[in-house]
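K.L.:
Below is coords-v1.tsv; it holds TSV, C-alpha atoms.
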chain	number	residue	atom	x	y	z
A	3	MET	CA	15.14	141.89	57.34
A	4	LYS	CA	14.19	139.62	60.21
A	5	ASN	CA	14.20	136.57	57.93
A	6	CYS	CA	17.61	137.61	56.63
A	7	VAL	CA	18.99	137.74	60.18
A	8	LEU	CA	17.52	134.31	60.96
A	9	LEU	CA	18.97	132.85	57.76
A	10	THR	CA	22.39	134.30	58.56
A	11	ILE	CA	22.35	132.97	62.12
A	12	GLY	CA	21.26	129.53	60.95
A	13	PHE	CA	24.07	129.50	58.40
A	14	ILE	CA	26.55	130.42	61.13
A	15	PHE	CA	25.37	127.61	63.38
A	16	PHE	CA	25.61	125.14	60.55
A	17	LEU	CA	29.18	126.00	59.61
A	18	ALA	CA	30.66	127.36	62.86
A	19	PRO	CA	33.43	128.00	63.49
A	20	VAL	CA	34.11	129.76	60.15
A	21	ALA	CA	36.32	132.53	58.80
A	22	PHE	CA	35.91	134.60	55.67
A	23	GLY	CA	39.05	136.14	54.23
A	24	GLN	CA	42.26	135.31	52.50
A	25	CYS	CA	43.65	132.83	55.06
A	26	GLU	CA	42.18	129.34	54.86
A	27	LYS	CA	43.45	128.19	58.28
A	28	ALA	CA	42.32	131.32	60.12
A	29	SER	CA	39.20	130.97	62.21
A	30	ILE	CA	37.81	131.01	65.74
A	31	ASP	CA	38.81	127.66	67.21
A	32	SER	CA	36.69	127.82	70.37
A	33	ALA	CA	34.24	130.23	71.98
A	34	SER	CA	32.40	130.17	75.31
A	35	VAL	CA	30.58	132.50	77.67
A	36	ASP	CA	30.28	132.16	81.44
A	37	LYS	CA	26.54	132.27	82.25
A	38	ASP	CA	27.19	133.79	85.69
A	39	SER	CA	29.74	136.51	84.90
A	40	GLY	CA	29.04	137.14	81.21
A	41	ARG	CA	32.73	136.76	80.41
A	42	VAL	CA	33.46	135.60	76.85
A	43	THR	CA	36.56	133.56	76.01
A	44	VAL	CA	37.60	133.08	72.38
A	45	GLY	CA	40.45	130.93	71.05
A	46	PHE	CA	41.95	131.47	67.59
A	47	SER	CA	42.98	128.65	65.26
A	48	GLN	CA	46.34	130.36	64.81
A	49	PRO	CA	48.04	133.43	66.35
A	50	LEU	CA	47.16	136.96	65.36
A	51	ALA	CA	49.62	139.03	63.33
A	52	THR	CA	50.66	141.53	66.00
A	53	SER	CA	51.34	141.45	69.73
A	54	SER	CA	48.88	144.32	70.35
A	55	PRO	CA	45.97	143.94	67.93
A	56	SER	CA	43.81	146.97	67.13
A	57	GLY	CA	40.81	147.62	64.95
A	58	ILE	CA	39.11	144.28	65.63
A	59	VAL	CA	35.35	144.66	66.00
A	60	TRP	CA	33.55	142.15	68.23
A	61	THR	CA	29.81	141.44	68.02
A	62	VAL	CA	27.70	139.00	70.03
A	63	LEU	CA	24.26	137.99	68.71
A	64	ASP	CA	21.48	136.40	70.75
A	65	ALA	CA	20.02	134.04	68.15
A	66	SER	CA	17.05	133.19	70.37
A	67	SER	CA	15.84	136.76	70.84
A	68	GLN	CA	17.36	138.03	67.57
A	69	SER	CA	19.18	140.86	69.31
A	70	VAL	CA	22.70	142.20	69.63
A	71	ILE	CA	24.41	141.93	73.04
A	72	GLN	CA	26.49	144.95	74.09
A	73	VAL	CA	30.25	144.33	74.53
A	74	ASP	CA	32.28	146.25	77.12
A	75	LEU	CA	35.00	147.60	74.81
A	76	LYS	CA	37.35	148.46	77.68
A	77	SER	CA	37.37	144.82	78.82
A	78	ILE	CA	38.72	143.38	75.53
A	79	THR	CA	42.06	141.68	76.24
A	80	TYR	CA	44.28	139.60	73.98
A	81	HIS	CA	46.37	136.84	75.54
A	82	VAL	CA	49.67	135.22	74.57
A	83	PRO	CA	50.64	131.72	75.78
A	84	ASP	CA	54.24	132.83	76.47
A	85	GLN	CA	56.79	135.56	75.79
A	86	TYR	CA	57.77	133.98	72.49
A	87	SER	CA	54.34	133.97	70.84
A	88	LYS	CA	51.64	136.29	69.51
A	89	PRO	CA	48.04	136.43	70.81
A	90	SER	CA	46.13	133.18	70.44
A	91	SER	CA	43.03	134.02	72.49
A	92	ALA	CA	40.88	136.92	73.65
A	93	THR	CA	38.47	137.68	76.48
A	94	PHE	CA	35.86	140.38	76.99
A	95	GLN	CA	32.86	141.19	79.14
A	96	LEU	CA	29.22	141.42	78.06
A	97	LYS	CA	27.13	144.28	79.43
A	98	THR	CA	23.97	142.16	79.51
A	99	ALA	CA	23.48	138.90	81.39
A	100	VAL	CA	23.17	135.77	79.22
A	101	VAL	CA	20.28	133.33	79.43
A	102	ALA	CA	21.29	129.70	79.89
A	103	ASP	CA	18.89	128.26	77.30
A	104	HIS	CA	19.53	130.92	74.63
A	105	ALA	CA	21.85	130.45	71.67
A	106	TYR	CA	24.61	132.98	71.02
A	107	VAL	CA	27.03	133.75	68.18
A	108	VAL	CA	30.27	135.72	68.40
A	109	THR	CA	31.67	137.55	65.36
A	110	ALA	CA	35.05	139.27	64.89
A	111	THR	CA	35.87	141.46	61.90
A	112	ASN	CA	39.18	143.02	60.77
A	113	LEU	CA	41.18	140.01	62.04
A	114	LEU	CA	44.78	139.85	60.85
A	115	TYR	CA	46.32	136.43	61.40
A	116	ASP	CA	49.99	135.52	61.50
A	117	ASN	CA	51.26	134.14	58.15
A	118	CYS	CA	48.25	135.64	56.33
A	119	PRO	CA	48.16	138.60	53.91
A	120	SER	CA	48.38	141.85	55.91
A	121	ASN	CA	46.15	143.71	53.46
A	122	LYS	CA	43.32	141.17	53.57
A	123	PRO	CA	41.63	141.14	56.99
A	124	SER	CA	39.40	138.19	57.87
A	125	THR	CA	35.99	137.89	59.47
A	126	ALA	CA	35.41	134.94	61.79
A	127	PHE	CA	32.41	133.74	63.76
A	128	ALA	CA	31.41	130.80	65.94
A	129	LYS	CA	28.66	129.57	68.24
A	130	LEU	CA	29.17	130.50	71.88
A	131	ALA	CA	29.02	127.62	74.33
A	132	VAL	CA	27.10	128.76	77.41
A	133	GLY	CA	28.20	127.43	80.80
A	134	LYS	CA	30.45	128.03	83.77
A	135	SER	CA	34.06	128.96	83.05
A	136	PRO	CA	36.64	126.16	83.48
A	137	GLU	CA	38.27	128.21	86.25
A	138	ALA	CA	35.01	128.45	88.20
A	139	SER	CA	33.93	124.84	87.75
A	140	LYS	CA	37.28	123.15	88.19
A	141	LYS	CA	38.54	122.72	91.75
A	142	SER	CA	42.06	121.44	92.04
A	143	ALA	CA	43.00	119.13	94.88
A	144	LEU	CA	46.40	120.82	95.01
A	145	PRO	CA	47.05	124.47	95.91
A	146	PHE	CA	48.96	125.25	92.72
A	147	THR	CA	48.36	125.46	88.99
A	148	ILE	CA	50.46	124.17	86.11
A	149	SER	CA	50.92	125.84	82.73
A	150	ALA	CA	52.67	125.19	79.45
A	151	THR	CA	56.25	126.46	79.01
A	152	LYS	CA	58.87	126.45	76.28
A	153	GLY	CA	62.31	125.42	77.52
A	154	ARG	CA	64.45	125.20	80.62
A	155	ASP	CA	64.70	128.94	81.16
A	156	ASP	CA	60.99	129.70	81.55
A	157	SER	CA	60.01	126.40	83.24
A	158	ASP	CA	59.40	126.09	86.95
A	159	LEU	CA	59.61	122.31	86.82
A	160	TYR	CA	62.17	120.86	84.39
A	161	LEU	CA	63.21	117.21	84.66
A	162	SER	CA	65.56	115.71	82.11
A	163	GLY	CA	67.30	112.35	82.22
A	164	LEU	CA	70.01	112.25	79.61
A	165	LEU	CA	71.97	109.47	77.97
A	166	GLN	CA	75.21	111.08	76.87
A	167	GLY	CA	78.69	110.68	75.45
A	168	ALA	CA	81.78	112.88	75.78
A	169	ASP	CA	85.03	112.98	73.84
A	170	GLY	CA	86.88	109.71	74.46
A	171	MET	CA	84.38	108.44	77.03
A	172	LYS	CA	81.67	105.76	77.03
A	173	ALA	CA	77.99	106.53	77.45
A	174	SER	CA	76.83	107.62	80.90
A	175	TYR	CA	73.86	109.16	82.70
A	176	THR	CA	73.22	112.82	83.47
A	177	ALA	CA	70.47	114.50	85.45
A	178	ASP	CA	69.38	118.06	84.67
A	179	VAL	CA	66.79	119.22	87.21
A	180	LYS	CA	65.18	122.58	87.90
A	181	ALA	CA	62.36	122.92	90.42
A	182	GLN	CA	60.81	126.12	91.72
A	183	ILE	CA	57.39	127.46	92.63
A	184	GLN	CA	56.03	130.97	92.22
A	185	ILE	CA	54.27	132.26	95.34
A	186	PRO	CA	52.49	135.60	94.80
A	187	ILE	CA	53.30	138.41	97.23
A	188	LYS	CA	51.45	141.18	95.42
A	189	SER	CA	49.30	140.15	92.48
A	190	ALA	CA	49.10	142.21	89.31
A	191	ALA	CA	47.73	141.98	85.81
A	192	THR	CA	50.40	140.14	83.89
A	193	ARG	CA	51.25	138.42	80.66
A	194	ALA	CA	50.28	134.82	80.13
A	195	ASP	CA	53.90	133.68	79.84
A	196	ASN	CA	55.86	132.14	82.67
A	197	LYS	CA	59.15	134.04	82.59
A	198	PHE	CA	58.37	137.76	82.82
A	199	ARG	CA	55.61	138.44	85.34
A	200	ALA	CA	54.25	141.68	86.72
A	201	GLY	CA	53.74	141.98	90.47
A	202	TRP	CA	55.97	140.59	93.22
A	203	TRP	CA	56.69	136.88	93.69
A	204	PHE	CA	58.57	134.77	96.21
A	205	VAL	CA	60.37	131.97	94.34
A	206	PRO	CA	62.18	129.16	96.22
A	207	SER	CA	64.16	126.97	93.84
A	208	PHE	CA	66.44	123.96	93.42
A	209	ASP	CA	68.84	123.53	90.49
A	210	PHE	CA	70.93	120.41	89.87
A	211	LYS	CA	73.37	119.49	87.08
A	212	ALA	CA	75.45	116.36	87.56
A	213	SER	CA	76.67	113.23	85.77
A	214	THR	CA	78.19	109.84	86.46
A	215	ASP	CA	80.86	110.74	83.89
A	216	SER	CA	83.67	112.79	85.44
A	217	LYS	CA	84.35	114.47	82.09
A	218	SER	CA	80.71	115.57	81.72
A	219	ASP	CA	79.96	116.35	85.36
A	220	GLY	CA	78.77	119.90	85.92
A	221	ASN	CA	78.77	118.93	89.60
A	222	SER	CA	76.64	121.91	90.60
A	223	VAL	CA	73.73	122.24	93.03
A	224	ALA	CA	72.00	125.54	93.84
A	225	ILE	CA	69.33	125.97	96.52
A	226	ALA	CA	67.93	129.48	96.37
A	227	ALA	CA	65.12	131.82	97.38
A	228	ALA	CA	64.44	135.05	95.51
A	229	ILE	CA	61.86	137.81	95.23
A	230	THR	CA	61.13	138.52	91.57
A	231	HIS	CA	59.47	141.54	90.01
A	232	GLY	CA	58.77	142.03	86.32
A	233	PHE	CA	57.69	145.21	84.58
A	234	ARG	CA	57.19	146.44	81.03
A	235	LEU	CA	59.67	148.81	79.40
A	236	SER	CA	58.69	151.65	77.08
A	237	ASN	CA	61.92	151.24	75.12
A	238	GLY	CA	61.07	149.72	71.74
A	239	PHE	CA	64.16	147.48	71.77
A	240	PHE	CA	63.67	145.99	75.25
A	241	THR	CA	60.11	145.04	76.18
A	242	TRP	CA	60.39	143.54	79.69
A	243	ASP	CA	62.73	143.58	82.67
A	244	GLU	CA	62.79	141.26	85.67
A	245	ILE	CA	64.83	141.80	88.83
A	246	ALA	CA	65.43	139.05	91.39
A	247	PRO	CA	67.27	139.76	94.66
A	248	GLY	CA	67.75	136.68	96.80
A	249	PHE	CA	69.96	134.17	98.62
A	250	VAL	CA	71.60	131.03	97.27
A	251	ILE	CA	73.56	128.10	98.64
A	252	GLU	CA	76.00	126.69	96.04
A	253	SER	CA	77.38	123.19	96.39
A	254	ASP	CA	78.81	120.25	94.54
A	255	LYS	CA	76.60	117.15	94.37
A	256	GLN	CA	78.28	115.55	97.42
A	257	TYR	CA	78.19	118.79	99.47
A	258	ARG	CA	81.97	118.89	99.93
A	259	ALA	CA	82.14	122.58	98.94
A	260	ILE	CA	79.38	124.96	100.08
A	261	ASN	CA	79.09	128.71	99.44
A	262	SER	CA	76.48	130.90	101.14
A	263	LEU	CA	75.71	133.95	99.01
A	264	ALA	CA	73.40	136.92	98.59
A	265	GLY	CA	72.72	137.90	95.01
A	266	LEU	CA	70.92	140.14	92.55
A	267	ARG	CA	69.98	139.13	89.01
A	268	THR	CA	68.27	141.11	86.27
A	269	ASP	CA	66.94	139.77	82.95
A	270	LEU	CA	65.92	141.83	79.94
A	271	LEU	CA	63.65	140.63	77.14
A	272	MET	CA	64.45	142.05	73.71
A	273	ARG	CA	61.78	142.38	71.06
A	274	GLY	CA	61.54	139.41	68.72
A	275	PHE	CA	63.16	139.14	65.32
A	276	GLY	CA	61.69	137.35	62.31
A	277	ASN	CA	58.13	136.47	61.44
A	278	GLY	CA	56.01	133.43	60.77
A	279	GLN	CA	57.34	130.21	62.28
A	280	LEU	CA	61.00	131.28	62.46
A	281	GLN	CA	61.41	133.73	65.35
A	282	LEU	CA	64.42	134.72	67.44
A	283	TYR	CA	64.26	136.07	71.01
A	284	MET	CA	67.22	137.18	73.12
A	285	GLN	CA	67.42	137.78	76.87
A	286	PRO	CA	70.65	139.40	78.11
A	287	PHE	CA	71.16	139.15	81.86
A	288	ALA	CA	73.54	140.23	84.60
A	289	VAL	CA	74.11	138.81	88.07
A	290	LEU	CA	76.15	139.71	91.15
A	291	VAL	CA	76.70	137.40	94.14
A	292	ALA	CA	78.67	138.00	97.34
A	293	GLY	CA	79.24	135.92	100.46
A	294	ASP	CA	81.58	133.34	101.89
A	295	ASN	CA	82.62	129.70	101.68
A	296	THR	CA	81.24	127.67	104.58
A	297	ARG	CA	82.68	124.27	103.68
A	298	SER	CA	85.73	123.41	101.56
A	299	PRO	CA	87.08	120.06	100.34
A	300	LEU	CA	90.60	121.40	100.84
A	301	ALA	CA	91.99	123.84	103.43
A	302	GLY	CA	92.93	127.16	101.85
A	303	ALA	CA	91.03	126.54	98.61
A	304	PHE	CA	88.87	129.63	99.30
A	305	PRO	CA	91.39	132.11	100.74
A	306	GLY	CA	88.94	135.01	101.11
A	307	GLY	CA	85.29	135.88	100.67
A	308	ILE	CA	83.36	135.58	97.42
A	309	VAL	CA	82.43	138.51	95.18
A	310	ARG	CA	81.48	137.38	91.70
A	311	PRO	CA	79.76	139.41	88.96
A	312	GLY	CA	78.53	137.65	85.85
A	313	ALA	CA	76.77	138.35	82.58
A	314	GLY	CA	75.39	136.40	79.67
A	315	VAL	CA	72.61	135.96	77.18
A	316	HIS	CA	69.80	133.47	76.72
A	317	VAL	CA	68.68	132.79	73.15
A	318	TYR	CA	65.49	131.12	71.96
A	319	LEU	CA	65.00	130.30	68.27
A	320	ASN	CA	61.57	128.92	67.37
A	321	LEU	CA	61.82	126.66	64.33
A	322	PHE	CA	58.20	125.68	63.90
A	323	LYS	CA	54.94	125.35	65.79
A	324	ALA	CA	52.40	122.87	64.48
A	325	ALA	CA	48.66	123.44	64.47
A	326	LYS	CA	48.27	120.66	67.04
A	327	PRO	CA	48.77	122.16	70.54
A	328	GLY	CA	52.19	121.51	72.03
A	329	ARG	CA	53.91	120.37	68.85
A	330	ARG	CA	56.93	122.57	68.29
A	331	ALA	CA	60.67	122.48	67.62
A	332	PHE	CA	63.17	125.05	68.87
A	333	ILE	CA	66.78	125.71	69.80
A	334	GLU	CA	67.57	127.13	73.25
A	335	ASN	CA	71.02	128.41	74.19
A	336	GLU	CA	72.57	130.16	77.17
A	337	TYR	CA	76.06	131.56	77.69
A	338	VAL	CA	77.34	133.02	80.97
A	339	ARG	CA	80.75	134.35	82.02
A	340	ARG	CA	81.63	134.75	85.70
A	341	TRP	CA	84.41	137.05	86.96
A	342	PRO	CA	85.58	136.20	90.53
A	343	LEU	CA	86.92	139.41	92.08
A	344	LEU	CA	88.44	137.37	94.93
A	345	SER	CA	90.31	134.13	94.39
A	346	GLU	CA	88.26	130.95	93.92
A	347	PRO	CA	89.50	127.41	93.19
A	348	ILE	CA	89.24	125.25	90.08
A	349	PHE	CA	89.09	121.48	90.67
A	350	SER	CA	89.35	118.45	88.43
A	351	GLN	CA	87.56	115.18	89.16
A	352	ASP	CA	88.90	111.65	88.69
A	353	LYS	CA	86.84	108.59	87.72
A	354	SER	CA	86.22	107.82	91.39
A	355	GLY	CA	84.70	111.25	91.97
A	356	ASN	CA	87.61	112.62	94.01
A	357	LEU	CA	88.29	116.35	93.70
A	358	ASN	CA	91.85	117.47	92.87
A	359	LEU	CA	92.85	121.12	93.11
A	360	VAL	CA	94.03	122.56	89.76
A	361	SER	CA	94.46	126.26	90.56
A	362	ILE	CA	93.27	129.18	92.68
A	363	GLY	CA	92.73	132.58	91.08
A	364	THR	CA	90.44	135.21	89.64
A	365	ASN	CA	90.44	134.11	86.01
A	366	PRO	CA	86.99	134.27	84.30
A	367	ARG	CA	84.96	131.04	84.08
A	368	ASP	CA	82.53	130.38	81.21
A	369	TYR	CA	79.65	127.99	80.76
A	370	VAL	CA	77.48	127.46	77.68
A	371	TRP	CA	74.66	125.03	76.98
A	372	THR	CA	72.59	124.43	73.86
A	373	LYS	CA	69.47	122.32	73.45
A	374	PHE	CA	67.52	121.32	70.39
A	375	GLU	CA	64.08	120.23	71.54
A	376	PHE	CA	61.07	118.71	69.85
A	377	ASP	CA	57.93	118.75	71.98
A	378	PHE	CA	55.23	116.10	71.58
A	379	THR	CA	52.94	118.02	73.95
A	380	ASP	CA	53.14	121.25	75.97
A	381	TYR	CA	54.75	119.29	78.82
A	382	PHE	CA	56.81	116.49	77.25
A	383	GLY	CA	59.51	116.35	74.59
A	384	LEU	CA	62.78	114.99	73.24
A	385	THR	CA	65.97	117.00	73.66
A	386	LEU	CA	69.46	116.91	72.13
A	387	GLY	CA	72.05	118.91	74.04
A	388	HIS	CA	75.62	120.17	74.27
A	389	ASP	CA	77.37	121.63	77.34
A	390	TYR	CA	80.84	123.09	77.82
A	391	GLY	CA	82.58	125.01	80.62
A	392	LYS	CA	82.76	125.31	84.41
A	393	LEU	CA	80.09	125.84	87.08
A	394	PRO	CA	80.53	127.00	90.69
A	395	PRO	CA	81.48	126.17	93.34
A	396	VAL	CA	84.17	123.62	92.33
A	397	TYR	CA	84.37	124.54	88.61
A	398	THR	CA	85.08	121.03	87.34
A	399	LYS	CA	85.29	121.20	83.55
A	400	VAL	CA	82.46	119.86	81.42
A	401	ASP	CA	84.36	118.87	78.29
A	402	ASN	CA	82.00	118.95	75.30
A	403	LYS	CA	79.13	116.97	76.73
A	404	TYR	CA	76.67	115.67	74.10
A	405	SER	CA	73.36	114.32	75.29
A	406	VAL	CA	70.01	112.95	74.16
A	407	GLY	CA	67.04	112.33	76.43
A	408	LEU	CA	63.43	113.02	77.36
A	409	VAL	CA	62.23	116.10	79.19
A	410	LEU	CA	59.21	116.85	81.39
A	411	LYS	CA	58.48	120.54	82.04
A	412	SER	CA	55.79	122.95	83.22
A	413	GLY	CA	55.08	126.24	84.91
A	414	LEU	CA	54.15	126.00	88.58
A	415	LYS	CA	52.31	128.72	90.52
A	416	TYR	CA	51.05	128.58	94.08
A	417	LYS	CA	47.34	129.36	94.29
A	418	PRO	CA	45.79	129.35	97.76
A	419	LYS	CA	42.29	127.91	97.94
Could you spell out this file's structure in structure tokens?
P.N.:
Amino acid sequence: MKNCVLLTIGFIFFLAPVAFGQCEKASIDSASVDKDSGRVTVGFSQPLATSSPSGIVWTVLDASSQSVIQVDLKSITYHVPDQYSKPSSATFQLKTAVVADHAYVVTATNLLYDNCPSNKPSTAFAKLAVGKSPEASKKSALPFTISATKGRDDSDLYLSGLLQGADGMKASYTADVKAQIQIPIKSAATRADNKFRAGWWFVPSFDFKASTDSKSDGNSVAIAAAITHGFRLSNGFFTWDEIAPGFVIESDKQYRAINSLAGLRTDLLMRGFGNGQLQLYMQPFAVLVAGDNTRSPLAGAFPGGIVRPGAGVHVYLNLFKAAKPGRRAFIENEYVRRWPLLSEPIFSQDKSGNLNLVSIGTNPRDYVWTKFEFDFTDYFGLTLGHDYGKLPPVYTKVDNKYSVGLVLKSGLKYKPK
């Protein structure tokens, strides 16, 4: 029996990482154990089949002493890289301290991988690398961490320089910038994604959409500060909710019109539709802002205060995700309609950038943007876009703006030393 165990362990070390089952690409991609804490981290070669895996049996073998190491079953956690994906890694705690110069093997049985037969579970195993965890050994010079994101909606830092054309106009330059940082107020166990987070967070932000082309100029700047709180929902149709009360200063790019507003926004995450590579996620949202105009390009353009409800939906359609990290293609779309309850102006803009009053009223104002993006890495990609509609505070019309450009994006969280 002892020789059989030794032979099995030797075979594992020779072939690791390996998976037995009906899915050729399914295996343990990486495995390590922190020698100080005994925390095991395992990465899968491809996502698991369900968001909340069950029935997986984990075993850790000490090849040096030919013994089995006890696993704390309550500590087993499966992690997703974002709200659009299924688990791609797992962590758990060992009940016995590891020895630095011993060799260890981790085994998982009853694994069900995405895009693999659901009635044919796999068994995977790999050699455990013994050392200090990356989090413990890596000391950042900056007091914040970055993380991979999908598109504009879930990014904290989103920088896109776009070369564009609009109907009847020559090519011009557009900037699409979003910058915010998440500062924890009350930490909580949370998902690995960047959009819906448990706990309480203070989030200052800057949002800028503008163009040198008057026909494609969203002409909108928003400087805001909000307190966000995300929490899981027991409803099977909606899985997460996030509320964000805060304050915002709206302006055009030359600060000729400025609105000072208090607001409340709530986002809901619906369960995903589809399976395999093609997956659809929808996030309906509602927002209410109220305040006053503090600077106007024209006397009387804002005859009263500002009370403006709005609602819309954000849609994310994943087209494919390659085995190489970061390689993916997707379509991201957002539509919002705003209903001014008190009269607000609509301006047009000439080629010199001058604002001309078109009307004052309470008619609804829509804005929709769509992006097709191909990412070369988790942080860098190529985007093709289309925008149409009006943005506050001056509501100059973006008339079918088509764009192509490069994008740099990431999650950004403040982490005190």
K.L.:
Considering all atoms listed in the file, give me a table of residues in stretch 278-370 of chain A that are at most 8 Å from stretch 389-409 of chain A, with the closest atom pair and distance in Å for each, as JSON lines.
P.N.:
{"residue": "A:Pro347", "atom": "CA", "partner": "A:Val396", "partner_atom": "CA", "distance": 6.6}
{"residue": "A:Ile348", "atom": "CA", "partner": "A:Tyr397", "partner_atom": "CA", "distance": 5.1}
{"residue": "A:Phe349", "atom": "CA", "partner": "A:Thr398", "partner_atom": "CA", "distance": 5.2}
{"residue": "A:Ser350", "atom": "CA", "partner": "A:Thr398", "partner_atom": "CA", "distance": 5.1}
{"residue": "A:Gln351", "atom": "CA", "partner": "A:Thr398", "partner_atom": "CA", "distance": 6.6}
{"residue": "A:Arg367", "atom": "CA", "partner": "A:Lys392", "partner_atom": "CA", "distance": 6.1}
{"residue": "A:Asp368", "atom": "CA", "partner": "A:Gly391", "partner_atom": "CA", "distance": 5.4}
{"residue": "A:Tyr369", "atom": "CA", "partner": "A:Gly391", "partner_atom": "CA", "distance": 4.2}
{"residue": "A:Val370", "atom": "CA", "partner": "A:Tyr390", "partner_atom": "CA", "distance": 5.5}
K.L.:
Could you save the residues just selected, with C-alpha atoms, as a PDB file, in the coordinates of the input?
P.N.:
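result39.pdb, freshly written:
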ATOM      1  CA  PRO A 347      89.500 127.410  93.190  1.00  0.00           C
ATOM      2  CA  ILE A 348      89.240 125.250  90.080  1.00  0.00           C
ATOM      3  CA  PHE A 349      89.090 121.480  90.670  1.00  0.00           C
ATOM      4  CA  SER A 350      89.350 118.450  88.430  1.00  0.00           C
ATOM      5  CA  GLN A 351      87.560 115.180  89.160  1.00  0.00           C
ATOM      6  CA  ARG A 367      84.960 131.040  84.080  1.00  0.00           C
ATOM      7  CA  ASP A 368      82.530 130.380  81.210  1.00  0.00           C
ATOM      8  CA  TYR A 369      79.650 127.990  80.760  1.00  0.00           C
ATOM      9  CA  VAL A 370      77.480 127.460  77.680  1.00  0.00           C
TER      10      VAL A 370
END
K.L.:
Provide the atom CA of A:Ser412 to atom CA of A:Lys323 distance in Å, to one decimal place.
P.N.:
17.6 Å
K.L.:
Taking all atoms listed in the file into account, which of A:Arg41, A:Val107, A:Leu384, A:Asp116 comes nearest A:Phe94?
P.N.:
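Of all the options, A:Arg41 lies closest to A:Phe94.
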K.L.:
If you count all atoms listed in the file, which residues fall within 7 Å of A:Thr364, apart from same-chain ones fewer than 5 positions away, as a PDB file with C-alpha atoms, in the frame of the given file?
P.N.:
ATOM      1  CA  TRP A 341      84.410 137.050  86.960  1.00  0.00           C
ATOM      2  CA  PRO A 342      85.580 136.200  90.530  1.00  0.00           C
ATOM      3  CA  LEU A 343      86.920 139.410  92.080  1.00  0.00           C
ATOM      4  CA  LEU A 344      88.440 137.370  94.930  1.00  0.00           C
ATOM      5  CA  SER A 345      90.310 134.130  94.390  1.00  0.00           C
ATOM      6  CA  GLU A 346      88.260 130.950  93.920  1.00  0.00           C
TER       7      GLU A 346
END
K.L.:
So, counting all atoms listed in the file, which residue among A:Ser56, A:Thr176, A:Thr98, A:Thr151 is closest to A:Val73?
P.N.:
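Nearest candidate to A:Val73 out of A:Ser56, A:Thr176, A:Thr98, A:Thr151: A:Thr98.
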K.L.:
Quick one: everything within 9 Å of stretch 266-281 of chain A, counting all atoms listed in the file, minus sequence neighbours fewer than 3 positions away in the same chain. Send it as a ChimeraX atom specification.
P.N.:
/A:51,85-87,116-117,198,228,238-249,284-291,315,318-323
K.L.:
How would you write as a PyMOL selection string the residues that get within 12 Å of (61.7, 126.4, 77.2) in the file's frame, counting all atoms listed in the file?
P.N.:
chain A and resi 84-86+150-161+180+195-197+283+316-320+328+330-336+372-377+380-383+385+409-413
K.L.:
Return the padded bounding box of stretch 347-360 of chain A as JSON: axis-aligned, built from all atoms listed in the file, 4 Å added on each side, with centre and edge lengths in Å to one decimal.
P.N.:
{"center_x": 89.4, "center_y": 117.6, "center_z": 90.9, "size_x": 17.3, "size_y": 27.6, "size_z": 14.3}
K.L.:
Using all atoms listed in the file, which residues sit within 7 Å of A:Thr111 once same-chain residues fewer than 4 positions away are excluded, as a list in words?
P.N.:
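Here the answer would be Ile58, Val59, Trp60, Ser124, Thr125 and Ala126 of chain A.
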